[in-house]
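Visitor: Contents of my_file.cif (mmCIF, C-alpha atoms):
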```cif
data_entry
loop_
_atom_site.group_PDB
_atom_site.id
_atom_site.type_symbol
_atom_site.label_atom_id
_atom_site.label_comp_id
_atom_site.auth_asym_id
_atom_site.auth_seq_id
_atom_site.Cartn_x
_atom_site.Cartn_y
_atom_site.Cartn_z
ATOM 1 C CA MET L 164 8.537 -0.258 66.243
ATOM 2 C CA GLY L 165 11.792 -1.665 64.835
ATOM 3 C CA LEU L 166 12.936 -1.390 61.229
ATOM 4 C CA LEU L 167 12.161 -5.073 60.584
ATOM 5 C CA SER L 168 8.542 -4.617 61.680
ATOM 6 C CA MET L 169 8.178 -1.542 59.484
ATOM 7 C CA VAL L 170 9.236 -3.329 56.287
ATOM 8 C CA ARG L 171 7.908 -6.777 57.102
ATOM 9 C CA ASP L 172 5.238 -8.316 54.930
ATOM 10 C CA PRO L 173 3.491 -5.414 53.127
ATOM 11 C CA ALA L 174 2.981 -7.641 50.080
ATOM 12 C CA GLY L 175 1.588 -10.361 52.317
ATOM 13 C CA ARG L 176 -0.854 -7.935 53.911
ATOM 14 C CA ALA L 177 -2.162 -6.994 50.458
ATOM 15 C CA VAL L 178 -2.644 -10.666 49.553
ATOM 16 C CA ARG L 179 -4.430 -11.509 52.814
ATOM 17 C CA LYS L 180 -6.667 -8.448 52.509
ATOM 18 C CA HIS L 181 -7.569 -9.480 48.966
ATOM 19 C CA PHE L 182 -8.828 -12.881 50.148
ATOM 20 C CA GLY L 183 -10.470 -11.527 53.298
ATOM 21 C CA ALA L 184 -12.249 -14.153 55.389
ATOM 22 C CA GLN L 185 -11.460 -16.819 52.769
ATOM 23 C CA VAL L 186 -7.721 -16.592 53.437
ATOM 24 C CA LYS L 187 -7.808 -19.587 55.787
ATOM 25 C CA ASP L 188 -9.031 -21.820 52.934
ATOM 26 C CA VAL L 189 -6.519 -20.696 50.312
ATOM 27 C CA THR L 190 -4.111 -23.188 48.739
ATOM 28 C CA VAL L 191 -1.042 -22.456 46.622
ATOM 29 C CA SER L 192 0.002 -24.292 43.438
ATOM 30 C CA GLU L 193 3.251 -23.734 41.584
ATOM 31 C CA ARG L 194 5.049 -24.548 38.369
ATOM 32 C CA LYS L 195 8.707 -24.037 37.499
ATOM 33 C CA PHE L 196 9.715 -23.246 33.946
ATOM 34 C CA PRO L 197 13.180 -23.211 32.352
ATOM 35 C CA PRO L 198 14.659 -19.694 32.487
ATOM 36 C CA ARG L 199 15.244 -19.819 28.740
ATOM 37 C CA MET L 200 11.465 -19.912 28.249
ATOM 38 C CA ARG L 201 10.853 -16.571 29.983
ATOM 39 C CA ALA L 202 9.819 -14.856 26.763
ATOM 40 C CA ASP L 203 7.139 -17.432 25.955
ATOM 41 C CA VAL L 204 5.808 -17.456 29.514
ATOM 42 C CA GLN L 205 5.641 -13.647 29.528
ATOM 43 C CA ARG L 206 3.808 -13.496 26.219
ATOM 44 C CA ALA L 207 1.281 -16.049 27.480
ATOM 45 C CA LEU L 208 0.754 -14.036 30.684
ATOM 46 C CA ASP L 209 0.229 -10.850 28.668
ATOM 47 C CA GLU L 210 -2.504 -12.595 26.675
ATOM 48 C CA LEU L 211 -4.183 -14.184 29.706
ATOM 49 C CA LEU L 212 -4.249 -10.937 31.672
ATOM 50 C CA ALA L 213 -5.201 -8.608 28.825
ATOM 51 C CA PRO L 214 -8.560 -6.849 29.404
ATOM 52 C CA SER L 215 -9.751 -8.174 26.051
ATOM 53 C CA ALA L 216 -9.317 -11.773 27.263
ATOM 54 C CA ASN L 217 -12.362 -11.408 29.562
ATOM 55 C CA THR L 218 -10.995 -14.198 31.756
ATOM 56 C CA LEU L 219 -9.459 -12.465 34.774
ATOM 57 C CA GLN L 220 -10.257 -9.115 36.332
ATOM 58 C CA VAL L 221 -7.084 -7.605 37.763
ATOM 59 C CA ALA L 222 -7.803 -5.832 41.048
ATOM 60 C CA ARG L 223 -4.160 -4.953 41.695
ATOM 61 C CA PHE L 224 -0.818 -5.381 39.980
ATOM 62 C CA ALA L 225 2.604 -4.566 41.418
ATOM 63 C CA GLY L 226 6.221 -5.534 41.200
ATOM 64 C CA LEU L 227 7.819 -7.331 44.133
ATOM 65 C CA HIS L 228 11.087 -6.683 45.913
ATOM 66 C CA SER L 229 12.514 -9.154 48.388
ATOM 67 C CA ALA L 230 14.124 -7.624 51.450
ATOM 68 C CA TYR L 231 17.159 -9.445 52.870
ATOM 69 C CA MET L 232 17.349 -11.703 49.734
ATOM 70 C CA GLN L 233 14.435 -13.774 51.017
ATOM 71 C CA PRO L 234 12.830 -16.026 48.368
ATOM 72 C CA ILE L 235 9.520 -14.728 47.033
ATOM 73 C CA SER L 236 6.746 -17.100 48.082
ATOM 74 C CA LEU L 237 2.949 -16.770 48.089
ATOM 75 C CA THR L 238 2.811 -19.310 50.909
ATOM 76 C CA ALA L 239 5.021 -17.082 53.074
ATOM 77 C CA MET L 240 2.877 -14.059 52.202
ATOM 78 C CA LEU L 241 -0.307 -15.877 53.235
ATOM 79 C CA ALA L 242 1.357 -17.078 56.445
ATOM 80 C CA GLY L 243 2.587 -13.580 57.365
ATOM 81 C CA SER L 244 6.230 -14.627 57.382
ATOM 82 C CA SER L 245 7.351 -12.804 54.243
ATOM 83 C CA ALA L 246 9.690 -9.841 53.981
ATOM 84 C CA VAL L 247 8.609 -9.026 50.422
ATOM 85 C CA ILE L 248 7.470 -5.498 49.625
ATOM 86 C CA LEU L 249 5.363 -4.058 46.825
ATOM 87 C CA ALA L 250 7.448 -2.094 44.345
ATOM 88 C CA PRO L 251 7.336 -0.675 40.822
ATOM 89 C CA PRO L 252 7.412 -3.529 38.294
ATOM 90 C CA GLN L 253 10.879 -4.264 36.933
ATOM 91 C CA PHE L 254 11.335 -5.587 33.408
ATOM 92 C CA GLU L 255 14.223 -7.234 31.634
ATOM 93 C CA GLU L 256 14.470 -7.164 27.859
ATOM 94 C CA VAL L 257 14.963 -10.630 26.386
ATOM 95 C CA ASP L 258 16.338 -10.923 22.875
ATOM 96 C CA ILE L 259 14.383 -13.300 20.606
ATOM 97 C CA GLY L 260 16.100 -12.340 17.366
ATOM 98 C CA GLU L 261 13.348 -9.999 16.188
ATOM 99 C CA ALA L 262 13.118 -6.237 15.772
ATOM 100 C CA ALA L 263 11.976 -5.751 19.365
ATOM 101 C CA PRO L 264 12.865 -7.801 22.459
ATOM 102 C CA VAL L 265 10.250 -9.203 24.837
ATOM 103 C CA ARG L 266 9.899 -7.209 28.066
ATOM 104 C CA CYS L 267 9.826 -9.845 30.794
ATOM 105 C CA LEU L 268 8.820 -9.145 34.367
ATOM 106 C CA LYS L 269 11.383 -10.129 36.962
ATOM 107 C CA SER L 270 9.048 -10.477 39.982
ATOM 108 C CA ALA L 271 5.409 -9.436 40.117
ATOM 109 C CA LEU L 272 2.081 -9.967 41.859
ATOM 110 C CA TRP L 273 -1.441 -9.960 40.437
ATOM 111 C CA LEU L 274 -4.540 -9.932 42.645
ATOM 112 C CA VAL L 275 -7.430 -11.061 40.460
ATOM 113 C CA THR L 276 -11.028 -12.232 40.503
ATOM 114 C CA HIS L 277 -12.571 -14.923 38.323
ATOM 115 C CA LYS L 278 -16.314 -15.505 38.274
ATOM 116 C CA GLY L 279 -16.592 -13.907 41.693
ATOM 117 C CA GLN L 280 -13.757 -15.995 43.159
ATOM 118 C CA LYS L 281 -10.494 -14.456 44.392
ATOM 119 C CA ALA L 282 -7.043 -15.535 43.256
ATOM 120 C CA ALA L 283 -3.464 -14.277 43.422
ATOM 121 C CA MET L 284 -0.568 -14.997 41.084
ATOM 122 C CA VAL L 285 3.153 -14.438 41.509
ATOM 123 C CA VAL L 286 5.919 -14.662 38.937
ATOM 124 C CA ALA L 287 9.465 -14.705 40.302
ATOM 125 C CA GLN L 288 12.710 -15.041 38.392
ATOM 126 C CA GLY L 289 15.203 -17.540 39.773
ATOM 127 C CA ASP L 290 18.405 -16.680 41.565
ATOM 128 C CA GLU L 291 20.666 -14.879 39.067
ATOM 129 C CA ARG L 292 23.733 -16.300 40.775
ATOM 130 C CA TYR L 293 22.964 -19.653 39.139
ATOM 131 C CA CYS L 294 23.865 -20.414 35.539
ATOM 132 C CA GLY L 295 20.958 -19.390 33.330
ATOM 133 C CA GLY L 296 19.226 -17.576 36.187
ATOM 134 C CA GLY L 297 17.528 -20.511 37.894
ATOM 135 C CA PRO L 298 13.955 -21.657 37.166
ATOM 136 C CA LEU L 299 11.111 -19.219 36.564
ATOM 137 C CA LEU L 300 8.570 -19.718 39.343
ATOM 138 C CA VAL L 301 4.839 -19.176 38.803
ATOM 139 C CA GLU L 302 2.559 -19.529 41.848
ATOM 140 C CA ILE L 303 -1.233 -19.273 41.970
ATOM 141 C CA ALA L 304 -3.219 -19.022 45.204
ATOM 142 C CA THR L 305 -6.980 -19.528 45.331
ATOM 143 C CA THR L 306 -9.752 -21.321 47.182
ATOM 144 C CA PRO L 307 -10.636 -24.977 46.515
ATOM 145 C CA ALA L 308 -13.785 -23.874 44.681
ATOM 146 C CA ASN L 309 -11.638 -22.159 42.069
ATOM 147 C CA LEU L 310 -9.013 -24.832 41.339
ATOM 148 C CA ALA L 311 -10.263 -25.210 37.773
ATOM 149 C CA LEU L 312 -8.842 -21.743 37.128
ATOM 150 C CA VAL L 313 -5.423 -22.901 38.333
ATOM 151 C CA ASP L 314 -5.499 -25.867 35.958
ATOM 152 C CA ALA L 315 -6.536 -23.638 33.039
ATOM 153 C CA LEU L 316 -3.818 -21.036 33.684
ATOM 154 C CA PHE L 317 -1.031 -23.581 34.055
ATOM 155 C CA ALA L 318 -2.239 -25.445 30.964
ATOM 156 C CA ALA L 319 -2.022 -22.191 28.969
ATOM 157 C CA LEU L 320 1.512 -21.483 30.209
ATOM 158 C CA GLU L 321 2.692 -25.028 29.545
ATOM 159 C CA LYS L 322 1.194 -24.896 26.046
ATOM 160 C CA ALA L 323 3.082 -21.652 25.362
ATOM 161 C CA VAL L 324 6.354 -23.259 26.459
ATOM 162 C CA ARG L 325 5.748 -26.348 24.300
ATOM 163 C CA GLU L 326 4.922 -24.242 21.239
ATOM 164 C CA SER L 327 7.839 -21.853 21.894
ATOM 165 C CA ARG L 328 6.549 -19.187 19.516
ATOM 166 C CA SER L 329 9.409 -16.858 20.404
ATOM 167 C CA TYR L 330 12.070 -19.213 19.051
ATOM 168 C CA ARG L 331 10.273 -21.506 16.605
ATOM 169 C CA GLY L 332 11.899 -21.610 13.169
ATOM 170 C CA LYS L 333 15.065 -19.795 14.269
ATOM 171 C CA VAL L 334 18.711 -20.754 14.587
ATOM 172 C CA LEU L 335 19.612 -21.068 18.269
ATOM 173 C CA SER L 336 22.350 -21.928 20.707
ATOM 174 C CA PHE L 337 22.752 -21.696 24.461
ATOM 175 C CA ASP L 338 25.435 -19.031 24.110
ATOM 176 C CA ALA L 339 24.875 -16.071 26.410
ATOM 177 C CA VAL L 340 24.151 -12.714 24.818
ATOM 178 C CA SER L 341 26.875 -10.154 25.454
ATOM 179 C CA PRO L 342 25.979 -8.043 28.519
ATOM 180 C CA TYR L 343 27.036 -4.967 26.568
ATOM 181 C CA THR L 344 23.848 -5.212 24.512
ATOM 182 C CA GLY L 345 21.771 -4.396 27.575
ATOM 183 C CA GLN L 346 19.547 -7.373 26.803
ATOM 184 C CA SER L 347 19.288 -10.813 28.343
ATOM 185 C CA SER L 348 18.672 -14.233 26.888
ATOM 186 C CA GLY L 349 19.331 -17.814 27.880
ATOM 187 C CA LEU L 350 19.157 -18.552 24.163
ATOM 188 C CA LYS L 351 21.124 -16.788 21.478
ATOM 189 C CA VAL L 352 19.440 -16.274 18.112
ATOM 190 C CA HIS L 353 21.884 -16.478 15.208
ATOM 191 C CA LYS L 354 21.596 -14.786 11.823
ATOM 192 C CA LEU L 355 23.190 -17.181 9.384
ATOM 193 C CA ARG L 356 24.452 -15.944 6.043
ATOM 194 C CA PRO L 357 22.423 -17.291 3.107
ATOM 195 C CA VAL L 358 24.122 -20.091 1.162
ATOM 196 C CA SER L 359 22.554 -21.418 -2.037
ATOM 197 C CA ARG L 360 22.956 -24.961 -3.367
ATOM 198 C CA GLU L 361 25.208 -23.655 -6.130
ATOM 199 C CA GLN L 362 27.578 -22.244 -3.507
ATOM 200 C CA VAL L 363 28.170 -25.652 -1.866
ATOM 201 C CA ILE L 364 31.310 -27.043 -3.477
ATOM 202 C CA LEU L 365 31.014 -30.796 -2.974
ATOM 203 C CA PRO L 366 31.169 -33.786 -5.317
ATOM 204 C CA ARG L 367 27.831 -34.138 -7.127
ATOM 205 C CA THR L 368 27.094 -37.537 -5.588
ATOM 206 C CA THR L 369 27.829 -36.216 -2.083
ATOM 207 C CA LEU L 370 25.528 -33.239 -2.553
ATOM 208 C CA GLU L 371 22.752 -35.475 -3.887
ATOM 209 C CA LEU L 372 23.112 -37.778 -0.877
ATOM 210 C CA LEU L 373 22.923 -34.750 1.401
ATOM 211 C CA ASP L 374 19.745 -33.473 -0.260
ATOM 212 C CA ARG L 375 18.125 -36.906 -0.230
ATOM 213 C CA ASN L 376 18.971 -37.799 3.366
ATOM 214 C CA ILE L 377 18.141 -34.405 4.878
ATOM 215 C CA LEU L 378 15.840 -32.333 2.670
ATOM 216 C CA GLY L 379 14.087 -35.323 1.138
ATOM 217 C CA PHE L 380 13.741 -36.986 4.537
ATOM 218 C CA VAL L 381 12.140 -33.874 6.039
ATOM 219 C CA GLN L 382 9.657 -33.616 3.169
ATOM 220 C CA ARG L 383 8.545 -37.225 3.803
ATOM 221 C CA ARG L 384 8.767 -37.181 7.576
ATOM 222 C CA GLU L 385 5.023 -37.542 8.199
ATOM 223 C CA LYS L 386 4.729 -40.513 5.838
ATOM 224 C CA ILE L 387 7.767 -42.137 7.455
ATOM 225 C CA GLY L 388 6.204 -41.682 10.902
ATOM 226 C CA ALA L 389 2.916 -43.167 9.676
ATOM 227 C CA LEU L 390 4.853 -46.321 8.704
ATOM 228 C CA GLY L 391 6.084 -46.657 12.288
ATOM 229 C CA GLN L 392 9.612 -45.514 11.504
ATOM 230 C CA SER L 393 11.599 -42.946 13.456
ATOM 231 C CA ARG L 394 11.183 -39.375 12.241
ATOM 232 C CA LYS L 395 14.557 -38.386 13.673
ATOM 233 C CA LYS L 396 17.773 -38.288 11.699
ATOM 234 C CA GLY L 397 21.274 -37.267 12.648
ATOM 235 C CA LEU L 398 24.129 -36.156 10.450
ATOM 236 C CA LEU L 399 27.798 -36.043 11.411
ATOM 237 C CA PHE L 400 30.225 -33.849 9.465
ATOM 238 C CA TYR L 401 33.810 -34.893 9.862
ATOM 239 C CA GLY L 402 36.942 -33.293 8.479
ATOM 240 C CA PRO L 403 39.742 -30.822 9.194
ATOM 241 C CA PRO L 404 39.076 -27.072 9.352
ATOM 242 C CA GLY L 405 38.374 -25.387 6.055
ATOM 243 C CA THR L 406 36.671 -28.324 4.320
ATOM 244 C CA GLY L 407 33.219 -26.698 4.264
ATOM 245 C CA LYS L 408 31.397 -28.234 7.220
ATOM 246 C CA THR L 409 30.007 -24.939 8.557
ATOM 247 C CA HIS L 410 29.364 -23.645 5.036
ATOM 248 C CA THR L 411 27.264 -26.742 4.286
ATOM 249 C CA LEU L 412 25.330 -26.363 7.532
ATOM 250 C CA HIS L 413 24.430 -22.816 6.526
ATOM 251 C CA TYR L 414 23.037 -24.187 3.269
ATOM 252 C CA LEU L 415 20.946 -26.832 5.050
ATOM 253 C CA ALA L 416 19.573 -24.390 7.627
ATOM 254 C CA GLY L 417 18.520 -21.997 4.867
ATOM 255 C CA ALA L 418 16.931 -24.835 2.877
ATOM 256 C CA LEU L 419 14.732 -25.833 5.845
ATOM 257 C CA PRO L 420 12.452 -22.834 6.442
ATOM 258 C CA ARG L 421 10.129 -23.006 9.460
ATOM 259 C CA HIS L 422 12.453 -25.517 11.118
ATOM 260 C CA THR L 423 14.258 -24.755 14.360
ATOM 261 C CA THR L 424 18.027 -25.221 14.194
ATOM 262 C CA LEU L 425 20.154 -25.778 17.292
ATOM 263 C CA LEU L 426 23.879 -25.103 16.994
ATOM 264 C CA ILE L 427 26.059 -27.068 19.408
ATOM 265 C CA SER L 428 29.738 -26.245 19.677
ATOM 266 C CA ALA L 429 32.362 -28.648 20.982
ATOM 267 C CA GLU L 430 32.455 -26.730 24.265
ATOM 268 C CA GLN L 431 28.701 -27.353 24.770
ATOM 269 C CA VAL L 432 28.698 -31.135 24.541
ATOM 270 C CA THR L 433 27.956 -31.280 28.270
ATOM 271 C CA LEU L 434 24.638 -29.529 27.504
ATOM 272 C CA LEU L 435 23.419 -32.209 25.073
ATOM 273 C CA GLY L 436 20.686 -33.277 27.486
ATOM 274 C CA GLU L 437 19.275 -29.738 27.589
ATOM 275 C CA TYR L 438 19.465 -29.378 23.825
#
```
What's the structure tokens form of this structure?
Guide:
Amino acid sequence: MGLLSMVRDPAGRAVRKHFGAQVKDVTVSERKFPPRMRADVQRALDELLAPSANTLQVARFAGLHSAYMQPISLTAMLAGSSAVILAPPQFEEVDIGEAAPVRCLKSALWLVTHKGQKAAMVVAQGDERYCGGGPLLVEIATTPANLALVDALFAALEKAVRESRSYRGKVLSFDAVSPYTGQSSGLKVHKLRPVSREQVILPRTTLELLDRNILGFVQRREKIGALGQSRKKGLLFYGPPGTGKTHTLHYLAGALPRHTTLLISAEQVTLLGEY
């Protein structure tokens, strides 16, 4: 037996054994999430797969390692054409600006049962050679009788990404975290220095206009939306260095608690669509 045959498809064999005679009826569904949302996807998975959730019974959990750089695919595992092996789970710590980072799985497999029906789920991190790490792939395999489970799981993951609990109310940019921290993040969480209103040295009328058009607007945003008006507002600071633009932004960010702030530098204008 050659080396290729010895390492070929052990993860696939585990998946096919899990489904047994039903393997011929199994279908695979997938979703791709932005790599910057790894922390929220991981936290949602932890909740869905927790024993206390009483939703899924985990029969087996393992990390995955792809031999020969082959993409990780549940379809290939079910077809017997995969070179993916079972391995210890590998985690990457993702900074979310809190005391502890979120430990995110890089590639993993769960073999589960739900109301007597079998299912398998794979999470695979995108190719790290691409900027931002490539999309985060989530695949779920099950029989047609259990497709409601697939819809429920994907709905929970998509809800977690929309709510973005990991980053809500923080000050963010797409700057990469220094690799010397040992942590990873597609989003950088900033700690802005506190600036009070009294510390903003602007003409009184200018400061009042700023408060009215930003802080006052935010306080009345729901009423404005109810009147059919746009609830979005932009503000452009213009002036040479040293005139207080950044200082004023620090004041506004601190005066808007529970709001998410995105910082965009001149070098990141090409990322406006993603912001």
Visitor: Any idea what's packed within 12 Å of stretch 381-392 of chain L, counting all atoms listed in the file, ignoring anything in its chain fewer than 3 positions away? Could you give it as a PyMOL selection string?
Guide: chain L and resi 373-378+395-397+415+418-422
Visitor: If we count only C-alpha atoms and set the cut-off at 12 Å, which residues sit around L:Tyr330, ignoring sequence neighbours fewer than 4 positions away in its own chain? Please answer as a PDB file with C-alpha atoms, in the frame of the given file.
Guide:
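The result, written out as result_22.pdb:
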```
ATOM      1  CA  ARG L 199      15.244 -19.819  28.740  1.00  0.00           C
ATOM      2  CA  MET L 200      11.465 -19.912  28.249  1.00  0.00           C
ATOM      3  CA  ARG L 201      10.853 -16.571  29.983  1.00  0.00           C
ATOM      4  CA  ALA L 202       9.819 -14.856  26.763  1.00  0.00           C
ATOM      5  CA  ASP L 203       7.139 -17.432  25.955  1.00  0.00           C
ATOM      6  CA  VAL L 257      14.963 -10.630  26.386  1.00  0.00           C
ATOM      7  CA  ASP L 258      16.338 -10.923  22.875  1.00  0.00           C
ATOM      8  CA  ILE L 259      14.383 -13.300  20.606  1.00  0.00           C
ATOM      9  CA  GLY L 260      16.100 -12.340  17.366  1.00  0.00           C
ATOM     10  CA  GLU L 261      13.348  -9.999  16.188  1.00  0.00           C
ATOM     11  CA  PRO L 264      12.865  -7.801  22.459  1.00  0.00           C
ATOM     12  CA  VAL L 265      10.250  -9.203  24.837  1.00  0.00           C
ATOM     13  CA  ALA L 323       3.082 -21.652  25.362  1.00  0.00           C
ATOM     14  CA  VAL L 324       6.354 -23.259  26.459  1.00  0.00           C
ATOM     15  CA  ARG L 325       5.748 -26.348  24.300  1.00  0.00           C
ATOM     16  CA  GLU L 326       4.922 -24.242  21.239  1.00  0.00           C
ATOM     17  CA  VAL L 334      18.711 -20.754  14.587  1.00  0.00           C
ATOM     18  CA  LEU L 335      19.612 -21.068  18.269  1.00  0.00           C
ATOM     19  CA  SER L 336      22.350 -21.928  20.707  1.00  0.00           C
ATOM     20  CA  SER L 348      18.672 -14.233  26.888  1.00  0.00           C
ATOM     21  CA  GLY L 349      19.331 -17.814  27.880  1.00  0.00           C
ATOM     22  CA  LEU L 350      19.157 -18.552  24.163  1.00  0.00           C
ATOM     23  CA  LYS L 351      21.124 -16.788  21.478  1.00  0.00           C
ATOM     24  CA  VAL L 352      19.440 -16.274  18.112  1.00  0.00           C
ATOM     25  CA  HIS L 353      21.884 -16.478  15.208  1.00  0.00           C
ATOM     26  CA  ARG L 421      10.129 -23.006   9.460  1.00  0.00           C
ATOM     27  CA  HIS L 422      12.453 -25.517  11.118  1.00  0.00           C
ATOM     28  CA  THR L 423      14.258 -24.755  14.360  1.00  0.00           C
ATOM     29  CA  THR L 424      18.027 -25.221  14.194  1.00  0.00           C
ATOM     30  CA  LEU L 425      20.154 -25.778  17.292  1.00  0.00           C
TER      31      LEU L 425
END
```
Visitor: Evaluated on this file, the PyMOL selection byres ((chain L and resi 172-183) around 12) picks out some residues - which ones are they, written as a ChimeraX atom specification?
Guide: /L:167-171,184-190,221-230,233,235-250,271-276,279-285,303-306
Visitor: Atom CA of L:Pro357 and atom CA of L:Thr369, how far apart in Å?
Guide: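 Computing it gives 20.4 Å between the two atoms.
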Visitor: Leaving out L:Arg360 and any residue of its chain fewer than 3 positions from it, which residues lie within 10 Å of it when counting only C-alpha atoms, given as a list in words?
Guide: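 So the residues in contact are Val363, Ile364, Leu365, Leu370, Asp374, Thr411, Tyr414, Leu415, Gly417 and Ala418 of chain L.
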Visitor: Specify as a list of chain:residue names each residue included when the PyMOL selection byres ((chain L and resi 207) around 10) is applied to this file.
Guide: L:Arg201, L:Ala202, L:Asp203, L:Val204, L:Gln205, L:Arg206, L:Leu208, L:Asp209, L:Glu210, L:Leu211, L:Leu212, L:Ala213, L:Leu316, L:Ala319, L:Leu320, L:Glu321, L:Lys322, L:Ala323, L:Val324
Visitor: Deliver the residues from the most recent selection as a file, using C-alpha atoms, as a PDB file, in the frame of the given file.
Guide:
```
ATOM      1  CA  ARG L 201      10.853 -16.571  29.983  1.00  0.00           C
ATOM      2  CA  ALA L 202       9.819 -14.856  26.763  1.00  0.00           C
ATOM      3  CA  ASP L 203       7.139 -17.432  25.955  1.00  0.00           C
ATOM      4  CA  VAL L 204       5.808 -17.456  29.514  1.00  0.00           C
ATOM      5  CA  GLN L 205       5.641 -13.647  29.528  1.00  0.00           C
ATOM      6  CA  ARG L 206       3.808 -13.496  26.219  1.00  0.00           C
ATOM      7  CA  LEU L 208       0.754 -14.036  30.684  1.00  0.00           C
ATOM      8  CA  ASP L 209       0.229 -10.850  28.668  1.00  0.00           C
ATOM      9  CA  GLU L 210      -2.504 -12.595  26.675  1.00  0.00           C
ATOM     10  CA  LEU L 211      -4.183 -14.184  29.706  1.00  0.00           C
ATOM     11  CA  LEU L 212      -4.249 -10.937  31.672  1.00  0.00           C
ATOM     12  CA  ALA L 213      -5.201  -8.608  28.825  1.00  0.00           C
ATOM     13  CA  LEU L 316      -3.818 -21.036  33.684  1.00  0.00           C
ATOM     14  CA  ALA L 319      -2.022 -22.191  28.969  1.00  0.00           C
ATOM     15  CA  LEU L 320       1.512 -21.483  30.209  1.00  0.00           C
ATOM     16  CA  GLU L 321       2.692 -25.028  29.545  1.00  0.00           C
ATOM     17  CA  LYS L 322       1.194 -24.896  26.046  1.00  0.00           C
ATOM     18  CA  ALA L 323       3.082 -21.652  25.362  1.00  0.00           C
ATOM     19  CA  VAL L 324       6.354 -23.259  26.459  1.00  0.00           C
TER      20      VAL L 324
END
```
Visitor: L:Ala416, L:Val432, L:Ala262, L:Cys267: which is nearest L:Ser359, counting all atoms listed in the file?
Guide: L:Ala416
Visitor: Would you compute the distance between atom CA of L:Glu302 and atom CA of L:Ala318? Give it in Å to one decimal.
Guide: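 Value for the atom CA of L:Glu302-atom CA of L:Ala318 distance: 13.3 Å.
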Visitor: Identify all residues satisfying the PyMOL selection byres ((chain L and resi 299) around 6) in the given file; provide them as a VMD selection string.
Guide: chain L and resid 195 to 196 198 288 to 289 298 300
Visitor: Could those selected residues go to a file with C-alpha atoms, as a PDB file, keeping the file's coordinate frame?
Guide:
```pdb
ATOM      1  CA  LYS L 195       8.707 -24.037  37.499  1.00  0.00           C
ATOM      2  CA  PHE L 196       9.715 -23.246  33.946  1.00  0.00           C
ATOM      3  CA  PRO L 198      14.659 -19.694  32.487  1.00  0.00           C
ATOM      4  CA  GLN L 288      12.710 -15.041  38.392  1.00  0.00           C
ATOM      5  CA  GLY L 289      15.203 -17.540  39.773  1.00  0.00           C
ATOM      6  CA  PRO L 298      13.955 -21.657  37.166  1.00  0.00           C
ATOM      7  CA  LEU L 300       8.570 -19.718  39.343  1.00  0.00           C
TER       8      LEU L 300
END
```
Visitor: Hey, can you check how far atom CA of L:Asp314 sits from atom CA of L:Val301?
Guide: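 Separation between atom CA of L:Asp314 and atom CA of L:Val301: 12.6 Å.
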Visitor: Taking into account only C-alpha atoms, which residue in the set L:Asn217, L:His410, L:Ser327, L:Pro403 is nearest to L:Glu361?
Guide: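 Among L:Asn217, L:His410, L:Ser327, L:Pro403, it is L:His410 that comes nearest to L:Glu361.
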Visitor: Starting from the incomplete input, reconstruct N, CA and C atoms of stretch 172-183 of chain L and report them as a CSV table (one decimal), keeping the file's coordinate frame.
Guide:
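Output contents, as saved in part03.csv:
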```csv
chain,number,residue,atom,x,y,z
L,172,ASP,N,6.5,-7.7,55.4
L,172,ASP,CA,5.2,-8.3,54.9
L,172,ASP,C,4.2,-7.4,54.3
L,173,PRO,N,4.5,-6.2,53.7
L,173,PRO,CA,3.5,-5.4,53.1
L,173,PRO,C,2.8,-6.1,51.9
L,174,ALA,N,3.6,-6.9,51.2
L,174,ALA,CA,3.0,-7.6,50.1
L,174,ALA,C,2.0,-8.7,50.6
L,175,GLY,N,2.5,-9.4,51.7
L,175,GLY,CA,1.6,-10.4,52.3
L,175,GLY,C,0.3,-9.8,52.8
L,176,ARG,N,0.4,-8.6,53.4
L,176,ARG,CA,-0.9,-7.9,53.9
L,176,ARG,C,-1.8,-7.7,52.8
L,177,ALA,N,-1.3,-7.3,51.6
L,177,ALA,CA,-2.2,-7.0,50.5
L,177,ALA,C,-2.8,-8.3,50.0
L,178,VAL,N,-2.1,-9.4,50.0
L,178,VAL,CA,-2.6,-10.7,49.6
L,178,VAL,C,-3.7,-11.1,50.5
L,179,ARG,N,-3.5,-11.0,51.8
L,179,ARG,CA,-4.4,-11.5,52.8
L,179,ARG,C,-5.7,-10.6,52.8
L,180,LYS,N,-5.5,-9.3,52.6
L,180,LYS,CA,-6.7,-8.4,52.5
L,180,LYS,C,-7.5,-8.8,51.3
L,181,HIS,N,-6.9,-9.1,50.2
L,181,HIS,CA,-7.6,-9.5,49.0
L,181,HIS,C,-8.5,-10.7,49.2
L,182,PHE,N,-8.0,-11.7,49.9
L,182,PHE,CA,-8.8,-12.9,50.1
L,182,PHE,C,-9.8,-12.7,51.3
L,183,GLY,N,-9.5,-11.8,52.2
L,183,GLY,CA,-10.5,-11.5,53.3
L,183,GLY,C,-10.7,-12.8,54.2
```
